[in-house]
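These notes are about the structure you will find just below.
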Amino acid sequence: MTEEQLQYLTDNISAINGVNFDPAHVGNDGTRLFGSKTDFKSTMKAYFIERLRDASFNQTLHREFRAENYVKTRILNIANRHFILKADLHAYYDSILQQSIRDEINKTGFINNAIDYIKNNMTNQHHYRYTTTSLKKILEKQYDFIFSNGFPTNIQNINSGVMTANAGDSAQFLFLARAILAGFNCSNVDVRSSKYDAVVDYNNTLLRIQIKGASGSSISFKDRDRGGQGIDHHHLRNQGQRITAEHCDIYVAVDKQVGICYLIPMSYVEQIDDANITSVSLTTLDRFKENWDVISEVAIEKSNGI
């Protein structure tokens, strides 16, 4: 980070961590010093990662957040004080504090307490005795993952625009890996202009699968807007359109944090009366969460012409 760039951060950090920041709109030298908004985010993250190599800087971040009683809304103050993007500092605290919990508790005690809780809430103790060994094994395998805040994300600090595209690919391959492991015959679709991302062959019935990554509390039944320099983002043909049964047979939302799959038949999506609704809360889709039977059900319906 150059002295001129640091001065820009000093003058504009509140706006930087405000809403809808763009270096082209705040301060006269933003674009000249950092480039595009995407370049700016990458530069800021790289600067943060570089400073994290200093143990004393890590200790300072811990001490200051502890002094704020770990109140999430006060992360902004710390981020502004140290010229860090609020989102980057938030992700850092999420990761490092969850890892520290793992260091403070006893693994065996944690697993035994979980098993005891299950035992105390089971009405049939024969049922409990049968499952306890396999439950213990899976808890031991998942123990470290529980405190890692999910899969590692962009630890190489890839350009955020590239990372967005890569994250979409990751959701696609996560589903393919899960489907193959579940025993389904499936393949990736390499043509990016296709309206579906994968095909599953179930008893000689081909199903078109649209796959999207989910990282929040809702999923979108909408194509991604066309982006890039020189693209008119307001033109209808460049805006994402609602996904329908014409595009695919099953819509799969993949939770990129932990790999959970929601397999949603497009017949369900088509029943949503309001055509303007493109986003649906995941809490309303529990019946489709890890419901791999949807593949056989949709295949049977399709083969019967339903």
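By order of appearance in the structure tokens: chains A, B, ..., then residues from 1 within every chain, and ligands from 1 in the order shown.
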12 Å contact set for A:Thr164, only C-alpha atoms, chain neighbours under 4 positions out, as a list in words =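 My reading of the contact set: Thr38, Thr153, Asn154, Asn157, Ile158, Asn159, Ser160, Gly168, Asp169, Ser170, Ala171, Lys212, Gly213, Ser215, Arg224, Gly227 and Lys256 of chain A.
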Find the residues near A:Gln5: any atom within 10 Å, counting only C-alpha atoms, skip ones fewer than 2 places away on the same chain, and give them as number ranges by chain.
-> A: 1-3, 7-11, 29-30, 32-34
Find the residues near stretch 186-199 of chain A: any atom within 10 Å, counting only C-alpha atoms, skip ones fewer than 4 places away on the same chain, and give them as a PDB file with N, CA, C and O atoms, in the first residue's frame.
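So the final result, stored in part_9.pdb, reads:
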ATOM      1  N   ASP A 169     -19.230 -22.020  -9.941  1.00  0.00           N
ATOM      2  CA  ASP A 169     -18.738 -23.321 -10.390  1.00  0.00           C
ATOM      3  C   ASP A 169     -18.609 -24.283  -9.222  1.00  0.00           C
ATOM      4  O   ASP A 169     -18.888 -25.483  -9.346  1.00  0.00           O
ATOM      5  N   GLN A 172     -21.816 -25.879  -8.396  1.00  0.00           N
ATOM      6  CA  GLN A 172     -22.141 -26.864  -9.437  1.00  0.00           C
ATOM      7  C   GLN A 172     -21.419 -28.186  -9.182  1.00  0.00           C
ATOM      8  O   GLN A 172     -22.024 -29.265  -9.210  1.00  0.00           O
ATOM      9  N   PHE A 173     -20.116 -28.097  -8.891  1.00  0.00           N
ATOM     10  CA  PHE A 173     -19.333 -29.317  -8.689  1.00  0.00           C
ATOM     11  C   PHE A 173     -19.609 -29.961  -7.338  1.00  0.00           C
ATOM     12  O   PHE A 173     -19.471 -31.181  -7.201  1.00  0.00           O
ATOM     13  N   PHE A 175     -22.606 -30.133  -6.057  1.00  0.00           N
ATOM     14  CA  PHE A 175     -23.789 -30.957  -6.322  1.00  0.00           C
ATOM     15  C   PHE A 175     -23.410 -32.224  -7.085  1.00  0.00           C
ATOM     16  O   PHE A 175     -23.871 -33.325  -6.753  1.00  0.00           O
ATOM     17  N   LEU A 176     -22.591 -32.076  -8.137  1.00  0.00           N
ATOM     18  CA  LEU A 176     -22.210 -33.239  -8.934  1.00  0.00           C
ATOM     19  C   LEU A 176     -21.521 -34.297  -8.073  1.00  0.00           C
ATOM     20  O   LEU A 176     -21.809 -35.493  -8.190  1.00  0.00           O
ATOM     21  N   ALA A 177     -20.629 -33.851  -7.201  1.00  0.00           N
ATOM     22  CA  ALA A 177     -19.927 -34.791  -6.327  1.00  0.00           C
ATOM     23  C   ALA A 177     -20.910 -35.487  -5.383  1.00  0.00           C
ATOM     24  O   ALA A 177     -20.838 -36.704  -5.183  1.00  0.00           O
ATOM     25  N   ALA A 179     -24.144 -35.919  -5.856  1.00  0.00           N
ATOM     26  CA  ALA A 179     -25.045 -36.788  -6.624  1.00  0.00           C
ATOM     27  C   ALA A 179     -24.348 -38.092  -7.008  1.00  0.00           C
ATOM     28  O   ALA A 179     -24.940 -39.179  -6.906  1.00  0.00           O
ATOM     29  N   ILE A 180     -23.097 -37.991  -7.444  1.00  0.00           N
ATOM     30  CA  ILE A 180     -22.344 -39.198  -7.804  1.00  0.00           C
ATOM     31  C   ILE A 180     -22.155 -40.079  -6.573  1.00  0.00           C
ATOM     32  O   ILE A 180     -22.315 -41.305  -6.631  1.00  0.00           O
ATOM     33  N   THR A 205     -34.230 -41.771 -18.224  1.00  0.00           N
ATOM     34  CA  THR A 205     -34.922 -40.487 -18.324  1.00  0.00           C
ATOM     35  C   THR A 205     -33.930 -39.390 -17.958  1.00  0.00           C
ATOM     36  O   THR A 205     -33.374 -39.386 -16.854  1.00  0.00           O
ATOM     37  N   LEU A 206     -33.695 -38.464 -18.899  1.00  0.00           N
ATOM     38  CA  LEU A 206     -32.737 -37.392 -18.669  1.00  0.00           C
ATOM     39  C   LEU A 206     -33.415 -36.211 -17.991  1.00  0.00           C
ATOM     40  O   LEU A 206     -34.441 -35.712 -18.465  1.00  0.00           O
ATOM     41  N   LEU A 207     -32.827 -35.765 -16.899  1.00  0.00           N
ATOM     42  CA  LEU A 207     -33.337 -34.611 -16.156  1.00  0.00           C
ATOM     43  C   LEU A 207     -32.348 -33.456 -16.278  1.00  0.00           C
ATOM     44  O   LEU A 207     -31.141 -33.630 -16.102  1.00  0.00           O
ATOM     45  N   ARG A 208     -32.873 -32.272 -16.573  1.00  0.00           N
ATOM     46  CA  ARG A 208     -32.050 -31.069 -16.662  1.00  0.00           C
ATOM     47  C   ARG A 208     -32.003 -30.414 -15.278  1.00  0.00           C
ATOM     48  O   ARG A 208     -33.043 -30.148 -14.666  1.00  0.00           O
ATOM     49  N   ILE A 209     -30.782 -30.118 -14.813  1.00  0.00           N
ATOM     50  CA  ILE A 209     -30.601 -29.584 -13.466  1.00  0.00           C
ATOM     51  C   ILE A 209     -29.997 -28.182 -13.530  1.00  0.00           C
ATOM     52  O   ILE A 209     -28.934 -27.988 -14.130  1.00  0.00           O
ATOM     53  N   GLN A 210     -30.689 -27.231 -12.942  1.00  0.00           N
ATOM     54  CA  GLN A 210     -30.151 -25.874 -12.786  1.00  0.00           C
ATOM     55  C   GLN A 210     -29.589 -25.768 -11.375  1.00  0.00           C
ATOM     56  O   GLN A 210     -30.268 -26.112 -10.400  1.00  0.00           O
ATOM     57  N   ILE A 211     -28.347 -25.313 -11.224  1.00  0.00           N
ATOM     58  CA  ILE A 211     -27.677 -25.296  -9.921  1.00  0.00           C
ATOM     59  C   ILE A 211     -27.244 -23.876  -9.569  1.00  0.00           C
ATOM     60  O   ILE A 211     -26.596 -23.199 -10.371  1.00  0.00           O
ATOM     61  N   LYS A 212     -27.604 -23.450  -8.379  1.00  0.00           N
ATOM     62  CA  LYS A 212     -27.202 -22.133  -7.900  1.00  0.00           C
ATOM     63  C   LYS A 212     -26.624 -22.255  -6.496  1.00  0.00           C
ATOM     64  O   LYS A 212     -27.060 -23.087  -5.702  1.00  0.00           O
ATOM     65  N   ASP A 223     -32.021 -15.937 -13.234  1.00  0.00           N
ATOM     66  CA  ASP A 223     -30.702 -15.975 -13.853  1.00  0.00           C
ATOM     67  C   ASP A 223     -29.881 -14.783 -13.382  1.00  0.00           C
ATOM     68  O   ASP A 223     -30.435 -13.736 -13.011  1.00  0.00           O
ATOM     69  N   ILE A 243     -36.406 -18.230 -13.668  1.00  0.00           N
ATOM     70  CA  ILE A 243     -36.207 -19.589 -14.155  1.00  0.00           C
ATOM     71  C   ILE A 243     -37.542 -20.323 -14.122  1.00  0.00           C
ATOM     72  O   ILE A 243     -38.278 -20.261 -13.136  1.00  0.00           O
ATOM     73  N   THR A 244     -37.855 -21.014 -15.209  1.00  0.00           N
ATOM     74  CA  THR A 244     -39.124 -21.729 -15.309  1.00  0.00           C
ATOM     75  C   THR A 244     -38.877 -23.183 -15.695  1.00  0.00           C
ATOM     76  O   THR A 244     -37.738 -23.603 -15.940  1.00  0.00           O
ATOM     77  N   GLU A 246     -39.407 -24.457 -18.412  1.00  0.00           N
ATOM     78  CA  GLU A 246     -38.853 -24.526 -19.763  1.00  0.00           C
ATOM     79  C   GLU A 246     -37.329 -24.639 -19.724  1.00  0.00           C
ATOM     80  O   GLU A 246     -36.717 -25.128 -20.671  1.00  0.00           O
ATOM     81  N   HIS A 247     -36.738 -24.159 -18.642  1.00  0.00           N
ATOM     82  CA  HIS A 247     -35.282 -24.129 -18.531  1.00  0.00           C
ATOM     83  C   HIS A 247     -34.709 -25.403 -17.916  1.00  0.00           C
ATOM     84  O   HIS A 247     -33.592 -25.808 -18.259  1.00  0.00           O
ATOM     85  N   CYS A 248     -35.417 -26.006 -16.977  1.00  0.00           N
ATOM     86  CA  CYS A 248     -34.878 -27.162 -16.273  1.00  0.00           C
ATOM     87  C   CYS A 248     -36.007 -27.951 -15.624  1.00  0.00           C
ATOM     88  O   CYS A 248     -37.147 -27.485 -15.552  1.00  0.00           O
ATOM     89  N   ASP A 249     -35.665 -29.152 -15.143  1.00  0.00           N
ATOM     90  CA  ASP A 249     -36.638 -30.004 -14.463  1.00  0.00           C
ATOM     91  C   ASP A 249     -36.519 -29.897 -12.943  1.00  0.00           C
ATOM     92  O   ASP A 249     -37.516 -30.013 -12.219  1.00  0.00           O
ATOM     93  N   ILE A 250     -35.300 -29.699 -12.478  1.00  0.00           N
ATOM     94  CA  ILE A 250     -35.042 -29.578 -11.038  1.00  0.00           C
ATOM     95  C   ILE A 250     -34.105 -28.394 -10.810  1.00  0.00           C
ATOM     96  O   ILE A 250     -33.120 -28.211 -11.533  1.00  0.00           O
ATOM     97  N   TYR A 251     -34.444 -27.614  -9.818  1.00  0.00           N
ATOM     98  CA  TYR A 251     -33.588 -26.499  -9.405  1.00  0.00           C
ATOM     99  C   TYR A 251     -32.883 -26.934  -8.118  1.00  0.00           C
ATOM    100  O   TYR A 251     -33.533 -27.340  -7.151  1.00  0.00           O
ATOM    101  N   VAL A 252     -31.552 -26.872  -8.119  1.00  0.00           N
ATOM    102  CA  VAL A 252     -30.791 -27.267  -6.932  1.00  0.00           C
ATOM    103  C   VAL A 252     -30.085 -26.042  -6.355  1.00  0.00           C
ATOM    104  O   VAL A 252     -29.329 -25.373  -7.058  1.00  0.00           O
TER     105      VAL A 252
END
Could you state the separation of atom CA of A:Thr123 and atom CA of A:Thr108 in Å, given to one decimal place?
-> 24.7 Å
Please provide as a VMD selection string all residues within 10 Å of A:Ile115, with the sequence filter that same-chain residues fewer than 6 positions apart are discarded (counting only C-alpha atoms).
-> chain A and resid 109 128 132 to 133 135 to 136 139
Could you give me, as a PyMOL selection string, each residue of stretch 135-269 of chain A that DSSP assigns to alpha helix (DSSP H) when run on this structure's backbone?
-> chain A and resi 135-146+160-181+266-269
Selection export as a compact mmCIF listing (two decimals), in the first residue's frame, atoms kept: N, CA, C and O atoms:
# COMPACT_ATOMS: atom_id res chain seq x y z
N LEU A 135 -23.10 -42.64 15.59
CA LEU A 135 -23.25 -41.22 15.90
C LEU A 135 -21.94 -40.65 16.43
O LEU A 135 -21.53 -39.54 16.05
N LYS A 136 -21.28 -41.40 17.30
CA LYS A 136 -20.01 -40.93 17.85
C LYS A 136 -18.96 -40.76 16.75
O LYS A 136 -18.22 -39.78 16.72
N LYS A 137 -18.92 -41.70 15.82
CA LYS A 137 -17.93 -41.63 14.74
C LYS A 137 -18.15 -40.41 13.87
O LYS A 137 -17.20 -39.72 13.49
N ILE A 138 -19.41 -40.13 13.52
CA ILE A 138 -19.66 -38.98 12.63
C ILE A 138 -19.43 -37.67 13.36
O ILE A 138 -18.96 -36.69 12.77
N LEU A 139 -19.72 -37.63 14.66
CA LEU A 139 -19.45 -36.42 15.45
C LEU A 139 -17.95 -36.16 15.54
O LEU A 139 -17.50 -35.01 15.46
N GLU A 140 -17.16 -37.22 15.69
CA GLU A 140 -15.71 -37.07 15.74
C GLU A 140 -15.16 -36.55 14.41
O GLU A 140 -14.27 -35.71 14.37
N LYS A 141 -15.72 -37.06 13.29
CA LYS A 141 -15.27 -36.60 11.98
C LYS A 141 -15.65 -35.15 11.72
O LYS A 141 -14.91 -34.41 11.07
N GLN A 142 -16.81 -34.73 12.22
CA GLN A 142 -17.31 -33.38 11.96
C GLN A 142 -16.85 -32.36 12.99
O GLN A 142 -17.06 -31.17 12.80
N TYR A 143 -16.19 -32.80 14.04
CA TYR A 143 -15.88 -31.91 15.17
C TYR A 143 -15.13 -30.65 14.75
O TYR A 143 -15.55 -29.53 15.04
N ASP A 144 -14.01 -30.82 14.05
CA ASP A 144 -13.22 -29.65 13.64
C ASP A 144 -13.99 -28.78 12.66
O ASP A 144 -13.85 -27.55 12.66
N PHE A 145 -14.79 -29.41 11.80
CA PHE A 145 -15.54 -28.66 10.79
C PHE A 145 -16.58 -27.75 11.43
O PHE A 145 -16.87 -26.67 10.92
N ILE A 146 -17.14 -28.18 12.58
CA ILE A 146 -18.15 -27.38 13.27
C ILE A 146 -17.60 -25.99 13.60
O ILE A 146 -18.31 -24.98 13.52
N SER A 160 -12.40 -10.44 -6.74
CA SER A 160 -13.77 -10.75 -6.31
C SER A 160 -14.69 -11.07 -7.48
O SER A 160 -15.60 -11.90 -7.35
N GLY A 161 -14.47 -10.44 -8.64
CA GLY A 161 -15.29 -10.76 -9.81
C GLY A 161 -15.05 -12.18 -10.29
O GLY A 161 -15.99 -12.92 -10.60
N VAL A 162 -13.77 -12.56 -10.32
CA VAL A 162 -13.42 -13.93 -10.71
C VAL A 162 -13.94 -14.91 -9.68
O VAL A 162 -14.45 -15.98 -10.00
N MET A 163 -13.83 -14.53 -8.40
CA MET A 163 -14.24 -15.42 -7.32
C MET A 163 -15.74 -15.68 -7.36
O MET A 163 -16.20 -16.78 -7.05
N THR A 164 -16.52 -14.67 -7.76
CA THR A 164 -17.97 -14.86 -7.86
C THR A 164 -18.30 -15.94 -8.88
O THR A 164 -19.13 -16.82 -8.64
N ALA A 165 -17.62 -15.89 -10.03
CA ALA A 165 -17.83 -16.91 -11.06
C ALA A 165 -17.33 -18.27 -10.57
O ALA A 165 -17.99 -19.30 -10.77
N ASN A 166 -16.18 -18.28 -9.91
CA ASN A 166 -15.63 -19.54 -9.41
C ASN A 166 -16.53 -20.15 -8.33
O ASN A 166 -16.68 -21.38 -8.26
N ALA A 167 -17.13 -19.30 -7.51
CA ALA A 167 -18.02 -19.80 -6.45
C ALA A 167 -19.25 -20.45 -7.07
O ALA A 167 -19.76 -21.45 -6.54
N GLY A 168 -19.72 -19.90 -8.19
CA GLY A 168 -20.83 -20.54 -8.90
C GLY A 168 -20.45 -21.92 -9.41
O GLY A 168 -21.22 -22.87 -9.30
N ASP A 169 -19.23 -22.02 -9.94
CA ASP A 169 -18.74 -23.32 -10.39
C ASP A 169 -18.61 -24.28 -9.22
O ASP A 169 -18.89 -25.48 -9.35
N SER A 170 -18.18 -23.77 -8.07
CA SER A 170 -18.00 -24.64 -6.91
C SER A 170 -19.32 -25.25 -6.48
O SER A 170 -19.38 -26.44 -6.12
N ALA A 171 -20.40 -24.46 -6.52
CA ALA A 171 -21.72 -24.99 -6.17
C ALA A 171 -22.12 -26.10 -7.13
O ALA A 171 -22.67 -27.14 -6.74
N GLN A 172 -21.82 -25.88 -8.40
CA GLN A 172 -22.14 -26.86 -9.44
C GLN A 172 -21.42 -28.19 -9.18
O GLN A 172 -22.02 -29.27 -9.21
N PHE A 173 -20.12 -28.10 -8.89
CA PHE A 173 -19.33 -29.32 -8.69
C PHE A 173 -19.61 -29.96 -7.34
O PHE A 173 -19.47 -31.18 -7.20
N LEU A 174 -20.00 -29.16 -6.36
CA LEU A 174 -20.42 -29.74 -5.08
C LEU A 174 -21.64 -30.64 -5.28
O LEU A 174 -21.70 -31.75 -4.75
N PHE A 175 -22.61 -30.13 -6.06
CA PHE A 175 -23.79 -30.96 -6.32
C PHE A 175 -23.41 -32.22 -7.08
O PHE A 175 -23.87 -33.33 -6.75
N LEU A 176 -22.59 -32.08 -8.14
CA LEU A 176 -22.21 -33.24 -8.93
C LEU A 176 -21.52 -34.30 -8.07
O LEU A 176 -21.81 -35.49 -8.19
N ALA A 177 -20.63 -33.85 -7.20
CA ALA A 177 -19.93 -34.79 -6.33
C ALA A 177 -20.91 -35.49 -5.38
O ALA A 177 -20.84 -36.70 -5.18
N ARG A 178 -21.84 -34.70 -4.82
CA ARG A 178 -22.82 -35.28 -3.90
C ARG A 178 -23.72 -36.27 -4.64
O ARG A 178 -24.05 -37.34 -4.11
N ALA A 179 -24.14 -35.92 -5.86
CA ALA A 179 -25.04 -36.79 -6.62
C ALA A 179 -24.35 -38.09 -7.01
O ALA A 179 -24.94 -39.18 -6.91
N ILE A 180 -23.10 -37.99 -7.44
CA ILE A 180 -22.34 -39.20 -7.80
C ILE A 180 -22.16 -40.08 -6.57
O ILE A 180 -22.32 -41.31 -6.63
N LEU A 181 -21.81 -39.46 -5.44
CA LEU A 181 -21.64 -40.22 -4.21
C LEU A 181 -22.94 -40.90 -3.78
O LEU A 181 -22.92 -42.00 -3.21
N MET A 266 -39.23 -28.26 -10.44
CA MET A 266 -39.74 -27.03 -11.05
C MET A 266 -41.26 -26.99 -11.04
O MET A 266 -41.85 -25.92 -11.13
N SER A 267 -41.91 -28.14 -10.88
CA SER A 267 -43.37 -28.13 -10.74
C SER A 267 -43.78 -27.35 -9.50
O SER A 267 -44.82 -26.69 -9.49
N TYR A 268 -42.95 -27.40 -8.45
CA TYR A 268 -43.22 -26.61 -7.24
C TYR A 268 -43.03 -25.13 -7.51
O TYR A 268 -43.85 -24.29 -7.12
N VAL A 269 -41.94 -24.80 -8.21
CA VAL A 269 -41.66 -23.39 -8.51
C VAL A 269 -42.77 -22.79 -9.37
O VAL A 269 -43.18 -21.65 -9.17
Show which residues sit within 12 Å of stretch 303-305 of chain A, as a PDB file with N, CA, C and O atoms, in the first residue's frame. Count only C-alpha atoms, and ignore same-chain residues fewer than 5 positions away.
ATOM      1  N   ASP A 201     -29.168 -38.896 -15.487  1.00  0.00           N
ATOM      2  CA  ASP A 201     -29.829 -39.984 -16.204  1.00  0.00           C
ATOM      3  C   ASP A 201     -30.402 -40.939 -15.168  1.00  0.00           C
ATOM      4  O   ASP A 201     -29.658 -41.682 -14.502  1.00  0.00           O
ATOM      5  N   TYR A 202     -31.733 -40.910 -15.008  1.00  0.00           N
ATOM      6  CA  TYR A 202     -32.374 -41.807 -14.047  1.00  0.00           C
ATOM      7  C   TYR A 202     -33.238 -42.807 -14.808  1.00  0.00           C
ATOM      8  O   TYR A 202     -34.270 -42.449 -15.374  1.00  0.00           O
ATOM      9  N   ASN A 203     -32.784 -44.048 -14.868  1.00  0.00           N
ATOM     10  CA  ASN A 203     -33.504 -45.110 -15.590  1.00  0.00           C
ATOM     11  C   ASN A 203     -33.867 -44.672 -17.016  1.00  0.00           C
ATOM     12  O   ASN A 203     -35.013 -44.802 -17.454  1.00  0.00           O
ATOM     13  N   ASN A 204     -32.859 -44.104 -17.713  1.00  0.00           N
ATOM     14  CA  ASN A 204     -32.996 -43.677 -19.112  1.00  0.00           C
ATOM     15  C   ASN A 204     -33.886 -42.452 -19.302  1.00  0.00           C
ATOM     16  O   ASN A 204     -34.243 -42.127 -20.438  1.00  0.00           O
ATOM     17  N   THR A 205     -34.230 -41.771 -18.224  1.00  0.00           N
ATOM     18  CA  THR A 205     -34.922 -40.487 -18.324  1.00  0.00           C
ATOM     19  C   THR A 205     -33.930 -39.390 -17.958  1.00  0.00           C
ATOM     20  O   THR A 205     -33.374 -39.386 -16.854  1.00  0.00           O
ATOM     21  N   LEU A 206     -33.695 -38.464 -18.899  1.00  0.00           N
ATOM     22  CA  LEU A 206     -32.737 -37.392 -18.669  1.00  0.00           C
ATOM     23  C   LEU A 206     -33.415 -36.211 -17.991  1.00  0.00           C
ATOM     24  O   LEU A 206     -34.441 -35.712 -18.465  1.00  0.00           O
ATOM     25  N   LEU A 207     -32.827 -35.765 -16.899  1.00  0.00           N
ATOM     26  CA  LEU A 207     -33.337 -34.611 -16.156  1.00  0.00           C
ATOM     27  C   LEU A 207     -32.348 -33.456 -16.278  1.00  0.00           C
ATOM     28  O   LEU A 207     -31.141 -33.630 -16.102  1.00  0.00           O
ATOM     29  N   SER A 296     -35.856 -39.171  -8.387  1.00  0.00           N
ATOM     30  CA  SER A 296     -36.661 -40.290  -8.884  1.00  0.00           C
ATOM     31  C   SER A 296     -38.111 -39.872  -9.107  1.00  0.00           C
ATOM     32  O   SER A 296     -38.747 -40.282 -10.093  1.00  0.00           O
ATOM     33  N   GLU A 297     -38.637 -39.034  -8.220  1.00  0.00           N
ATOM     34  CA  GLU A 297     -40.030 -38.594  -8.357  1.00  0.00           C
ATOM     35  C   GLU A 297     -40.239 -37.795  -9.628  1.00  0.00           C
ATOM     36  O   GLU A 297     -41.212 -38.009 -10.370  1.00  0.00           O
ATOM     37  N   VAL A 298     -39.329 -36.857  -9.910  1.00  0.00           N
ATOM     38  CA  VAL A 298     -39.446 -36.028 -11.109  1.00  0.00           C
ATOM     39  C   VAL A 298     -39.235 -36.880 -12.362  1.00  0.00           C
ATOM     40  O   VAL A 298     -39.919 -36.698 -13.378  1.00  0.00           O
TER      41      VAL A 298
END
Option closest in space to A:Asn149, from A:Asn112, A:Asn120, A:Asn77, A:Ser95 [counting only C-alpha atoms] | A:Ser95
A:Thr60: which residues within 12 Å, counting only C-alpha atoms, same-chain residues fewer than 4 positions away excluded, as a ChimeraX atom specification?
-> /A:51-52,54-56,64-67,78-79,81-82
Atom CA of A:Ile219 to atom CA of A:Ala253: how many Å, to one decimal?
->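 We find that atom CA of A:Ile219 and atom CA of A:Ala253 lie 7.0 Å from each other.
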